[in-house]
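Asker: File follows, run16.txt with compact mmCIF, C-alpha atoms and all ligand atoms:
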# COMPACT_ATOMS: atom_id res chain seq x y z
CA MET A 7 5.78 27.30 -8.10
CA THR A 8 2.43 27.05 -6.46
CA GLY A 9 1.42 30.15 -4.51
CA SER A 10 -0.29 30.18 -1.12
CA VAL A 11 -3.73 30.78 -2.64
CA ASP A 12 -3.32 27.64 -4.76
CA ARG A 13 -2.30 25.75 -1.65
CA ASP A 14 -5.39 26.88 0.20
CA SER A 15 -7.54 25.71 -2.67
CA TYR A 16 -5.58 22.44 -2.78
CA ALA A 17 -6.35 21.91 0.89
CA SER A 18 -10.08 22.47 0.38
CA GLU A 19 -10.15 20.22 -2.69
CA PHE A 20 -8.27 17.60 -0.73
CA ALA A 21 -10.78 17.82 2.12
CA ALA A 22 -13.66 17.36 -0.32
CA ARG A 23 -12.01 14.35 -1.98
CA LEU A 24 -11.23 12.76 1.38
CA GLN A 25 -14.79 13.23 2.53
CA GLN A 26 -16.11 11.68 -0.66
CA ILE A 27 -13.79 8.68 -0.38
CA ARG A 28 -14.75 8.13 3.25
CA ALA A 29 -18.43 8.28 2.32
CA GLN A 30 -17.87 5.76 -0.48
CA ILE A 31 -15.92 3.45 1.85
CA ALA A 32 -18.78 3.63 4.36
CA LEU A 33 -21.37 2.91 1.67
CA SER A 34 -19.41 0.00 0.19
CA ALA A 35 -18.78 -1.44 3.64
CA ARG A 36 -22.44 -1.19 4.62
CA THR A 37 -23.53 -2.83 1.38
CA ALA A 38 -21.13 -5.71 2.03
CA HIS A 39 -22.20 -5.98 5.70
CA ARG A 40 -18.70 -5.10 6.79
CA SER A 41 -17.40 -2.67 9.40
CA VAL A 42 -15.58 0.44 8.13
CA THR A 43 -13.03 -0.06 10.88
CA ASP A 44 -11.89 -3.22 9.08
CA ILE A 45 -10.90 -1.22 6.01
CA GLU A 46 -7.66 0.76 6.14
CA LEU A 47 -7.18 3.68 3.79
CA VAL A 48 -3.56 3.70 2.60
CA ALA A 49 -2.87 7.12 1.08
CA VAL A 50 -0.42 6.63 -1.78
CA SER A 51 2.07 9.50 -1.59
CA LYS A 52 4.48 8.61 -4.41
CA THR A 53 5.55 11.58 -6.57
CA LEU A 54 3.79 14.11 -4.32
CA GLU A 55 5.19 17.45 -3.30
CA ASP A 56 5.72 18.42 0.32
CA TYR A 57 2.65 20.64 0.54
CA GLN A 58 0.45 17.75 -0.64
CA ILE A 59 1.87 15.41 2.00
CA ASP A 60 1.49 18.08 4.67
CA THR A 61 -2.11 18.63 3.65
CA ALA A 62 -2.84 14.93 4.17
CA LEU A 63 -1.13 14.98 7.56
CA GLN A 64 -3.11 18.08 8.57
CA HIS A 65 -6.28 16.18 7.73
CA GLY A 66 -5.30 13.43 10.12
CA LEU A 67 -4.08 10.77 7.70
CA ARG A 68 -1.25 8.67 9.09
CA VAL A 69 -1.10 5.59 6.84
CA PHE A 70 0.83 6.10 3.62
CA GLY A 71 2.03 3.95 0.75
CA GLU A 72 5.17 4.49 -1.29
CA ASN A 73 6.58 2.72 -4.34
CA ARG A 74 10.25 3.40 -3.97
CA VAL A 75 12.53 3.23 -0.96
CA ALA A 76 14.61 6.31 -1.78
CA GLU A 77 11.59 8.51 -2.43
CA ALA A 78 9.92 7.22 0.70
CA GLU A 79 12.98 8.20 2.75
CA ALA A 80 12.88 11.69 1.24
CA HIS A 81 9.19 12.01 2.06
CA TRP A 82 9.10 10.45 5.50
CA ALA A 83 12.42 10.08 7.32
CA HIS A 84 12.32 13.65 8.67
CA ARG A 85 8.58 13.52 9.41
CA ARG A 86 8.78 10.48 11.67
CA ALA A 87 9.78 12.48 14.75
CA GLN A 88 6.82 14.84 14.40
CA TYR A 89 4.34 12.07 13.62
CA PRO A 90 5.29 9.04 15.71
CA ASP A 91 2.02 7.32 14.79
CA LEU A 92 2.87 7.19 11.07
CA LYS A 93 2.44 3.82 9.39
CA LEU A 94 4.31 3.41 6.13
CA HIS A 95 3.58 0.72 3.56
CA LEU A 96 5.96 -0.30 0.79
CA ILE A 97 3.74 -1.04 -2.20
CA GLY A 98 6.38 -1.11 -4.97
CA PRO A 99 8.85 -3.85 -5.90
CA LEU A 100 11.54 -4.49 -3.29
CA GLN A 101 15.07 -4.77 -4.65
CA SER A 102 17.52 -6.86 -2.73
CA ASN A 103 19.99 -3.97 -2.31
CA LYS A 104 17.27 -1.83 -0.67
CA ILE A 105 16.05 -4.31 1.93
CA LYS A 106 18.15 -2.91 4.76
CA ARG A 107 16.77 0.59 4.22
CA ALA A 108 13.24 -0.69 3.63
CA VAL A 109 13.25 -2.55 6.95
CA ALA A 110 14.53 0.57 8.70
CA LEU A 111 11.76 2.80 7.30
CA PHE A 112 8.60 0.83 6.59
CA ASP A 113 6.07 -0.72 8.96
CA VAL A 114 4.45 -2.90 6.32
CA ILE A 115 6.08 -4.46 3.25
CA GLU A 116 3.29 -5.46 0.88
CA THR A 117 5.43 -6.74 -1.97
CA VAL A 118 7.21 -9.87 -0.77
CA GLU A 119 7.52 -12.26 -3.70
CA SER A 120 10.42 -14.63 -3.06
CA ALA A 121 12.05 -16.86 -0.46
CA ALA A 122 15.28 -14.87 -0.82
CA GLN A 123 13.44 -11.71 0.20
CA ILE A 124 11.95 -13.47 3.20
CA ASP A 125 15.42 -14.50 4.34
CA GLU A 126 16.85 -11.02 3.85
CA ILE A 127 13.94 -9.22 5.53
CA ALA A 128 14.11 -11.64 8.47
CA GLY A 129 17.85 -11.07 8.75
CA GLN A 130 17.48 -7.30 8.70
CA CYS A 131 14.63 -7.37 11.22
CA ALA A 132 16.84 -9.35 13.60
CA ARG A 133 19.82 -7.05 13.05
CA GLN A 134 17.81 -3.85 13.41
CA ASN A 135 15.55 -5.18 16.17
CA ARG A 136 12.49 -4.34 14.05
CA SER A 137 9.28 -6.23 13.53
CA LEU A 138 7.24 -5.59 10.41
CA SER A 139 4.04 -6.82 8.92
CA CYS A 140 4.50 -8.39 5.48
CA PHE A 141 2.17 -9.26 2.64
CA ILE A 142 2.91 -11.50 -0.32
CA GLN A 143 2.22 -9.84 -3.65
CA VAL A 144 0.50 -12.17 -6.08
CA ASN A 145 0.74 -11.68 -9.84
CA ILE A 146 -2.99 -12.23 -9.98
CA GLY A 147 -3.41 -11.74 -13.74
CA ALA A 148 -0.25 -13.71 -14.68
CA GLU A 149 1.13 -10.64 -16.46
CA PRO A 150 4.80 -10.97 -17.45
CA GLN A 151 5.56 -7.29 -16.74
CA LYS A 152 4.03 -7.31 -13.26
CA SER A 153 5.67 -8.17 -9.97
CA GLY A 154 4.43 -10.76 -7.55
CA VAL A 155 4.60 -14.49 -7.07
CA ALA A 156 2.78 -16.67 -9.60
CA ILE A 157 -0.44 -18.16 -8.26
CA ALA A 158 1.00 -21.66 -8.71
CA HIS A 159 3.99 -20.79 -6.50
CA LEU A 160 2.06 -19.03 -3.73
CA PRO A 161 1.48 -22.14 -1.57
CA ARG A 162 5.20 -22.94 -1.59
CA LEU A 163 6.19 -19.39 -0.67
CA ALA A 164 3.57 -19.13 2.09
CA ALA A 165 4.74 -22.49 3.49
CA TYR A 166 8.34 -21.26 3.40
CA ALA A 167 7.35 -18.23 5.49
CA ARG A 168 5.33 -20.31 7.97
CA ALA A 169 8.18 -22.76 8.46
CA ARG A 170 10.37 -19.82 9.53
CA ASP A 171 7.76 -18.04 11.66
CA PHE A 172 8.01 -15.18 9.25
CA PRO A 173 5.05 -12.82 9.68
CA ILE A 174 2.92 -12.92 6.53
CA ASP A 175 -0.35 -11.18 7.33
CA GLY A 176 -2.04 -11.17 3.96
CA LEU A 177 -1.93 -10.91 0.20
CA MET A 178 -1.63 -7.92 -2.12
CA ALA A 179 -2.41 -7.70 -5.83
CA ILE A 180 -2.99 -5.30 -8.70
CA PRO A 181 -5.54 -6.62 -11.21
CA PRO A 182 -4.81 -6.34 -14.95
CA GLN A 183 -5.95 -3.09 -16.53
CA GLY A 184 -9.17 -3.19 -18.44
CA ALA A 185 -10.33 -6.49 -16.99
CA PRO A 186 -13.25 -6.70 -14.54
CA ALA A 187 -11.38 -6.24 -11.27
CA GLY A 188 -13.95 -8.12 -9.20
CA LEU A 189 -12.93 -11.45 -10.71
CA TYR A 190 -9.37 -10.88 -9.52
CA PHE A 191 -10.39 -9.56 -6.12
CA GLY A 192 -12.51 -12.65 -5.57
CA LEU A 193 -9.64 -14.87 -6.62
CA LEU A 194 -7.21 -13.14 -4.26
CA LYS A 195 -9.63 -13.60 -1.38
CA LYS A 196 -9.91 -17.30 -2.16
CA LEU A 197 -6.13 -17.69 -2.32
CA ALA A 198 -5.74 -15.91 1.02
CA ALA A 199 -8.36 -18.10 2.68
CA ARG A 200 -6.58 -21.19 1.38
CA GLU A 201 -3.38 -20.02 3.12
CA GLY A 202 -5.17 -18.99 6.30
CA LEU A 203 -4.37 -15.31 5.69
CA GLU A 204 -6.89 -12.69 6.74
CA ARG A 205 -5.68 -9.44 5.24
CA LEU A 206 -6.16 -8.33 1.64
CA SER A 207 -4.53 -5.23 0.15
CA MET A 208 -6.46 -4.64 -3.04
CA GLY A 209 -8.30 -1.78 -4.70
CA MET A 210 -7.02 1.55 -5.99
CA SER A 211 -8.69 4.81 -7.06
CA ASN A 212 -10.64 3.21 -9.91
CA ASP A 213 -11.83 0.04 -8.28
CA TYR A 214 -11.82 0.32 -4.49
CA PRO A 215 -15.60 -0.02 -4.03
CA ALA A 216 -15.45 -3.44 -5.75
CA ALA A 217 -12.39 -4.37 -3.68
CA ILE A 218 -14.29 -3.60 -0.48
CA ALA A 219 -17.20 -5.72 -1.70
CA PHE A 220 -14.76 -8.62 -2.17
CA GLY A 221 -13.20 -8.22 1.27
CA ALA A 222 -10.32 -5.74 0.98
CA THR A 223 -8.87 -4.85 4.38
CA ALA A 224 -6.55 -2.20 2.90
CA ILE A 225 -7.22 -0.02 -0.13
CA ARG A 226 -4.39 1.96 -1.74
CA ILE A 227 -5.61 5.31 -2.99
CA GLY A 228 -3.50 7.90 -4.80
CA THR A 229 -5.19 9.87 -7.57
CA ALA A 230 -8.70 9.95 -6.10
CA LEU A 231 -7.28 11.53 -2.96
CA PHE A 232 -4.43 13.75 -4.10
CA GLY A 233 -5.41 14.48 -7.71
CA GLU A 234 -3.50 13.49 -10.83
CA ARG A 235 0.17 12.68 -10.31
CA LYS A 236 2.72 14.80 -12.16
CA GLN A 237 4.90 11.94 -13.22
CA ILE A 238 4.47 8.19 -13.05
CA PRO A 239 7.50 6.50 -11.55
CA THR A 240 8.81 3.54 -13.49
CA PRO A 241 8.87 0.56 -11.13
C1 LIG A 301 0.33 4.14 -7.52
C2 LIG A 301 -0.22 2.93 -6.85
C3 LIG A 301 -1.48 2.95 -6.24
C4 LIG A 301 -2.41 4.15 -6.30
O1 LIG A 301 -2.97 4.25 -7.56
P1 LIG A 301 -4.15 5.29 -7.88
O2 LIG A 301 -4.76 4.76 -9.10
O3 LIG A 301 -3.50 6.62 -8.06
O4 LIG A 301 -5.07 5.27 -6.71
C5 LIG A 301 -1.90 1.80 -5.60
N1 LIG A 301 -1.14 0.69 -5.54
C6 LIG A 301 0.08 0.63 -6.11
C7 LIG A 301 0.87 -0.62 -6.01
C8 LIG A 301 0.57 1.74 -6.79
O5 LIG A 301 1.77 1.66 -7.37
Let me see the file written as C-alpha cells.
Ligand SMILES: *Cc1c(COP(=O)(O)O)cnc(C)c1O

Answerer:
Amino acid sequence: MTGSVDRDSYASEFAARLQQIRAQIALSARTAHRSVTDIELVAVSKTLEDYQIDTALQHGLRVFGENRVAEAEAHWAHRRAQYPDLKLHLIGPLQSNKIKRAVALFDVIETVESAAQIDEIAGQCARQNRSLSCFIQVNIGAEPQKSGVAIAHLPRLAAYARARDFPIDGLMAIPPQGAPAGLYFGLLKKLAAREGLERLSMGMSNDYPAAIAFGATAIRIGTALFGERKQIPTP
C-alpha cells in the first residue's frame, strides 16, 4: 500500500505534470492561433486508484474519460453528489448490453460506431430523460483490431443520426501506433468538416500538441497526467 508520504509526493508530482501539460496546451494553441478555451482536457482515469482520482479532483479537474462502464461506475457513481459539475466521457467501446448504464452515467459518449447504437442510446435517453453529447468514433487508420466506423461508412452513419435528430457533436479517433499522427488528425478534421461537425476528440499523451495544431477540441490525457498505468485494460 502507498503511505501518506508517497501520496503527498504523488500530489506534488501531479501538480507539476498538470502545470506542464497546461503550459504545452497554451503553447500549442498560441502557435496554431487558437484559443485555449476551445481545447478541453479530458483526464483519462481508467485503472487509477482512488487517491489518484482524488488528487485530480483536488486540483480542480472535472472532466474525465473512462474506457469501461463498470469501472467508470466504481470510480464516479459515488463522487457525483460531491462534484455535481463532473463531466464524464466514455472513450472505450460501447457494448449493447451496457448502453442503459452508460446513458445513466456519462455526459459524453465518444465511441458511437453503428446505427444500432444510435437507436439504443436514443431510446435510453428518452426513457431516462437524459440528454448526452455523442461523438462518432472513426477507425481512422483502417485497423482491423480497432473500433470505430470505417471512413467509407461515416457519411451514411452521420446521415442516419441527422435524420433522427440524434445529437452528434463531433468525431473521435485514435491514430495507428508508430505512424505520423498528424496525417490522421488532418484527415479526421477534413471528415468532420465534410459532415458539418465542429468537435474533434483526438490526441493523447504522446501526440496532443500535434492534435491541437490540427484542430483538436478535446484531448484525452492519461499517462502524461497521472503517470504510468499499473495495468492496461483489454478493450
Ligand atoms: C487510455 C486512453 C487514452 C489515454 O492514453 P494516454 O496515452 O495514457 O494518454 C486516450 N484515449 C483512449 C481512447 C484511451 O483508451

Asker: Counting all atoms listed in the file, which residues in chain A sit no more than 7 Å from ligand LIG 301 (chain A)? For each one, give the nearest pair of atoms and the distance in Å, sorted by chain then residue number, as JSON lines.

Answerer:
{"residue": "A:Val50", "atom": "CA", "partner": "A:LIG301", "partner_atom": "C4", "distance": 5.5}
{"residue": "A:Lys52", "atom": "CA", "partner": "A:LIG301", "partner_atom": "C1", "distance": 6.8}
{"residue": "A:Asn73", "atom": "CA", "partner": "A:LIG301", "partner_atom": "O5", "distance": 5.8}
{"residue": "A:Ile97", "atom": "CA", "partner": "A:LIG301", "partner_atom": "C7", "distance": 4.8}
{"residue": "A:Gly98", "atom": "CA", "partner": "A:LIG301", "partner_atom": "C7", "distance": 5.6}
{"residue": "A:Ile180", "atom": "CA", "partner": "A:LIG301", "partner_atom": "C7", "distance": 6.6}
{"residue": "A:Met210", "atom": "CA", "partner": "A:LIG301", "partner_atom": "O4", "distance": 4.3}
{"residue": "A:Ser211", "atom": "CA", "partner": "A:LIG301", "partner_atom": "O4", "distance": 3.7}
{"residue": "A:Asn212", "atom": "CA", "partner": "A:LIG301", "partner_atom": "O2", "distance": 6.1}
{"residue": "A:Arg226", "atom": "CA", "partner": "A:LIG301", "partner_atom": "C5", "distance": 4.6}
{"residue": "A:Ile227", "atom": "CA", "partner": "A:LIG301", "partner_atom": "O4", "distance": 3.8}
{"residue": "A:Gly228", "atom": "CA", "partner": "A:LIG301", "partner_atom": "O3", "distance": 3.5}
{"residue": "A:Thr229", "atom": "CA", "partner": "A:LIG301", "partner_atom": "O3", "distance": 3.7}
{"residue": "A:Ala230", "atom": "CA", "partner": "A:LIG301", "partner_atom": "O4", "distance": 6.0}

Asker: Could you tell me how far CA of Ala76 (chain A) sits from CA of Ile127 (chain A), in Å to one decimal place?

Answerer: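 Here the two named atoms are 17.2 Å from each other.
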
Asker: Counting all atoms listed in the file, figure out which residue out of A:Asp113, A:Glu234, A:Asp213, A:Asp56 gets nearest to Ala185 (chain A).

Answerer: A:Asp213

Asker: Using all atoms listed in the file, which residue out of A:Ala199, A:Gln58, A:Ala32, A:Gly66 lies closest to Ser15 (chain A)?

Answerer: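 Of A:Ala199, A:Gln58, A:Ala32, A:Gly66, the one nearest Ser15 (chain A), counting all atoms listed in the file, is A:Gln58.
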
Asker: Counting only C-alpha atoms, figure out which residue out of A:Ile146, A:Ala216, A:Met178, A:Ala128 gets nearest to Ala38 (chain A).

Answerer: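 Once distances to Ala38 (chain A) are computed over only C-alpha atoms, the minimum belongs to A:Ala216.
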
Asker: CA of Thr117 (chain A) to CA of Ser137 (chain A): how many Å, to one decimal?

Answerer: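 CA of Ser137 (chain A) lies 16.0 Å from CA of Thr117 (chain A).
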
Asker: Within 9 Å of region 154-156 of chain A, counting all atoms listed in the file, which residues qualify if same-chain residues fewer than 5 places away don't, as a list in words?

Answerer: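 Non-adjacent residues within range: Pro99, Thr117, Val118, Glu119, Ser120, Ile142, Gln143, Val144, Asn145, Ile146, Gly147, Ala148, Leu163, Met178 and Ala179 of chain A.
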
Asker: Could you check which of A:Gln101, A:Ser34, A:Ser10, A:Gln151 is closest to Arg74 (chain A), using only C-alpha atoms?

Answerer: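 Closest to Arg74 (chain A) of all the choices is A:Gln101.
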
Asker: Here is a test: counting all atoms listed in the file, which residue of A:Leu63, A:Ala132, A:Ala158, A:Ala198 is nearest to Asp91 (chain A)?

Answerer: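 Of A:Leu63, A:Ala132, A:Ala158, A:Ala198, the one nearest Asp91 (chain A) is A:Leu63, counting all atoms listed in the file.
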
Asker: Would you work out the distance separating CA of Gly71 (chain A) from CA of Arg28 (chain A), expressed in Å to one decimal?

Answerer: 17.5 Å

Asker: Show me as a tab-separated table (two decimals) with C-alpha atoms, in the frame of the given file the residues that reach within 12 Å of (-2.4, 10.6, 5.8), counting only C-alpha atoms and using the file's own coordinates.

Answerer:
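Wrote it out as result-v2.tsv, contents follow:
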chain	number	residue	atom	x	y	z
A	20	PHE	CA	-8.27	17.60	-0.73
A	21	ALA	CA	-10.78	17.82	2.12
A	24	LEU	CA	-11.23	12.76	1.38
A	46	GLU	CA	-7.66	0.76	6.14
A	47	LEU	CA	-7.18	3.68	3.79
A	48	VAL	CA	-3.56	3.70	2.60
A	49	ALA	CA	-2.87	7.12	1.08
A	50	VAL	CA	-0.42	6.63	-1.78
A	51	SER	CA	2.07	9.50	-1.59
A	58	GLN	CA	0.45	17.75	-0.64
A	59	ILE	CA	1.87	15.41	2.00
A	60	ASP	CA	1.49	18.08	4.67
A	61	THR	CA	-2.11	18.63	3.65
A	62	ALA	CA	-2.84	14.93	4.17
A	63	LEU	CA	-1.13	14.98	7.56
A	64	GLN	CA	-3.11	18.08	8.57
A	65	HIS	CA	-6.28	16.18	7.73
A	66	GLY	CA	-5.30	13.43	10.12
A	67	LEU	CA	-4.08	10.77	7.70
A	68	ARG	CA	-1.25	8.67	9.09
A	69	VAL	CA	-1.10	5.59	6.84
A	70	PHE	CA	0.83	6.10	3.62
A	71	GLY	CA	2.03	3.95	0.75
A	82	TRP	CA	9.10	10.45	5.50
A	85	ARG	CA	8.58	13.52	9.41
A	89	TYR	CA	4.34	12.07	13.62
A	91	ASP	CA	2.02	7.32	14.79
A	92	LEU	CA	2.87	7.19	11.07
A	93	LYS	CA	2.44	3.82	9.39
A	94	LEU	CA	4.31	3.41	6.13
A	95	HIS	CA	3.58	0.72	3.56
A	226	ARG	CA	-4.39	1.96	-1.74
A	227	ILE	CA	-5.61	5.31	-2.99
A	228	GLY	CA	-3.50	7.90	-4.80
A	231	LEU	CA	-7.28	11.53	-2.96
A	232	PHE	CA	-4.43	13.75	-4.10

Asker: Would you kindly return, as a list in words, each protein, DNA or RNA residue with an atom no farther than 6 Å from any atom of Phe220 (chain A), considering only C-alpha atoms and excluding same-chain residues fewer than 3 positions away?

Answerer: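 Listing them by chain and then by number gives Phe191, Gly192 and Ala217 of chain A.
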
Asker: For Leu96 (chain A), which residue among A:Lys195, A:Ser207, A:His159, A:Thr37 is the nearest when counting only C-alpha atoms?

Answerer: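 When distances to Leu96 (chain A) are compared using only C-alpha atoms, the smallest one comes from A:Ser207.
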
Asker: Region 25-40 of chain A from the block above, N, CA, C and O atoms, as a CSV table (one decimal), in the first residue's frame, please?

Answerer:
chain,number,residue,atom,x,y,z
A,25,GLN,N,0.7,21.3,-14.6
A,25,GLN,CA,1.2,22.6,-15.0
A,25,GLN,C,1.9,22.5,-16.3
A,25,GLN,O,1.7,23.3,-17.2
A,26,GLN,N,2.7,21.4,-16.5
A,26,GLN,CA,3.4,21.3,-17.7
A,26,GLN,C,2.5,21.1,-18.9
A,26,GLN,O,2.7,21.6,-20.0
A,27,ILE,N,1.5,20.2,-18.7
A,27,ILE,CA,0.5,20.0,-19.8
A,27,ILE,C,-0.2,21.3,-20.1
A,27,ILE,O,-0.4,21.6,-21.3
A,28,ARG,N,-0.6,22.0,-19.1
A,28,ARG,CA,-1.4,23.3,-19.4
A,28,ARG,C,-0.5,24.2,-20.1
A,28,ARG,O,-1.0,24.9,-21.0
A,29,ALA,N,0.8,24.3,-19.8
A,29,ALA,CA,1.7,25.2,-20.5
A,29,ALA,C,1.9,24.7,-22.0
A,29,ALA,O,1.9,25.6,-22.9
A,30,GLN,N,1.9,23.4,-22.2
A,30,GLN,CA,2.1,22.9,-23.5
A,30,GLN,C,0.8,23.1,-24.3
A,30,GLN,O,0.9,23.5,-25.5
A,31,ILE,N,-0.3,23.0,-23.7
A,31,ILE,CA,-1.6,23.3,-24.4
A,31,ILE,C,-1.6,24.7,-24.8
A,31,ILE,O,-2.0,25.1,-26.0
A,32,ALA,N,-1.2,25.6,-23.9
A,32,ALA,CA,-1.2,27.1,-24.2
A,32,ALA,C,-0.3,27.4,-25.4
A,32,ALA,O,-0.6,28.1,-26.3
A,33,LEU,N,0.9,26.8,-25.3
A,33,LEU,CA,1.9,27.0,-26.4
A,33,LEU,C,1.4,26.5,-27.7
A,33,LEU,O,1.4,27.2,-28.7
A,34,SER,N,0.9,25.3,-27.7
A,34,SER,CA,0.3,24.7,-29.0
A,34,SER,C,-0.8,25.5,-29.5
A,34,SER,O,-0.9,25.7,-30.7
A,35,ALA,N,-1.7,25.9,-28.6
A,35,ALA,CA,-2.8,26.7,-29.1
A,35,ALA,C,-2.4,28.1,-29.7
A,35,ALA,O,-2.8,28.4,-30.8
A,36,ARG,N,-1.4,28.7,-29.0
A,36,ARG,CA,-0.9,30.0,-29.5
A,36,ARG,C,-0.3,29.8,-30.9
A,36,ARG,O,-0.5,30.6,-31.8
A,37,THR,N,0.5,28.8,-31.0
A,37,THR,CA,1.2,28.5,-32.3
A,37,THR,C,0.2,28.3,-33.4
A,37,THR,O,0.4,28.7,-34.5
A,38,ALA,N,-1.0,27.7,-33.1
A,38,ALA,CA,-2.0,27.4,-34.1
A,38,ALA,C,-3.0,28.6,-34.2
A,38,ALA,O,-4.0,28.4,-34.9
A,39,HIS,N,-2.8,29.7,-33.5
A,39,HIS,CA,-3.7,30.8,-33.5
A,39,HIS,C,-5.1,30.3,-33.0
A,39,HIS,O,-6.1,30.7,-33.6
A,40,ARG,N,-5.1,29.5,-31.9
A,40,ARG,CA,-6.4,29.1,-31.4
A,40,ARG,C,-6.4,29.5,-29.9
A,40,ARG,O,-5.4,29.8,-29.3
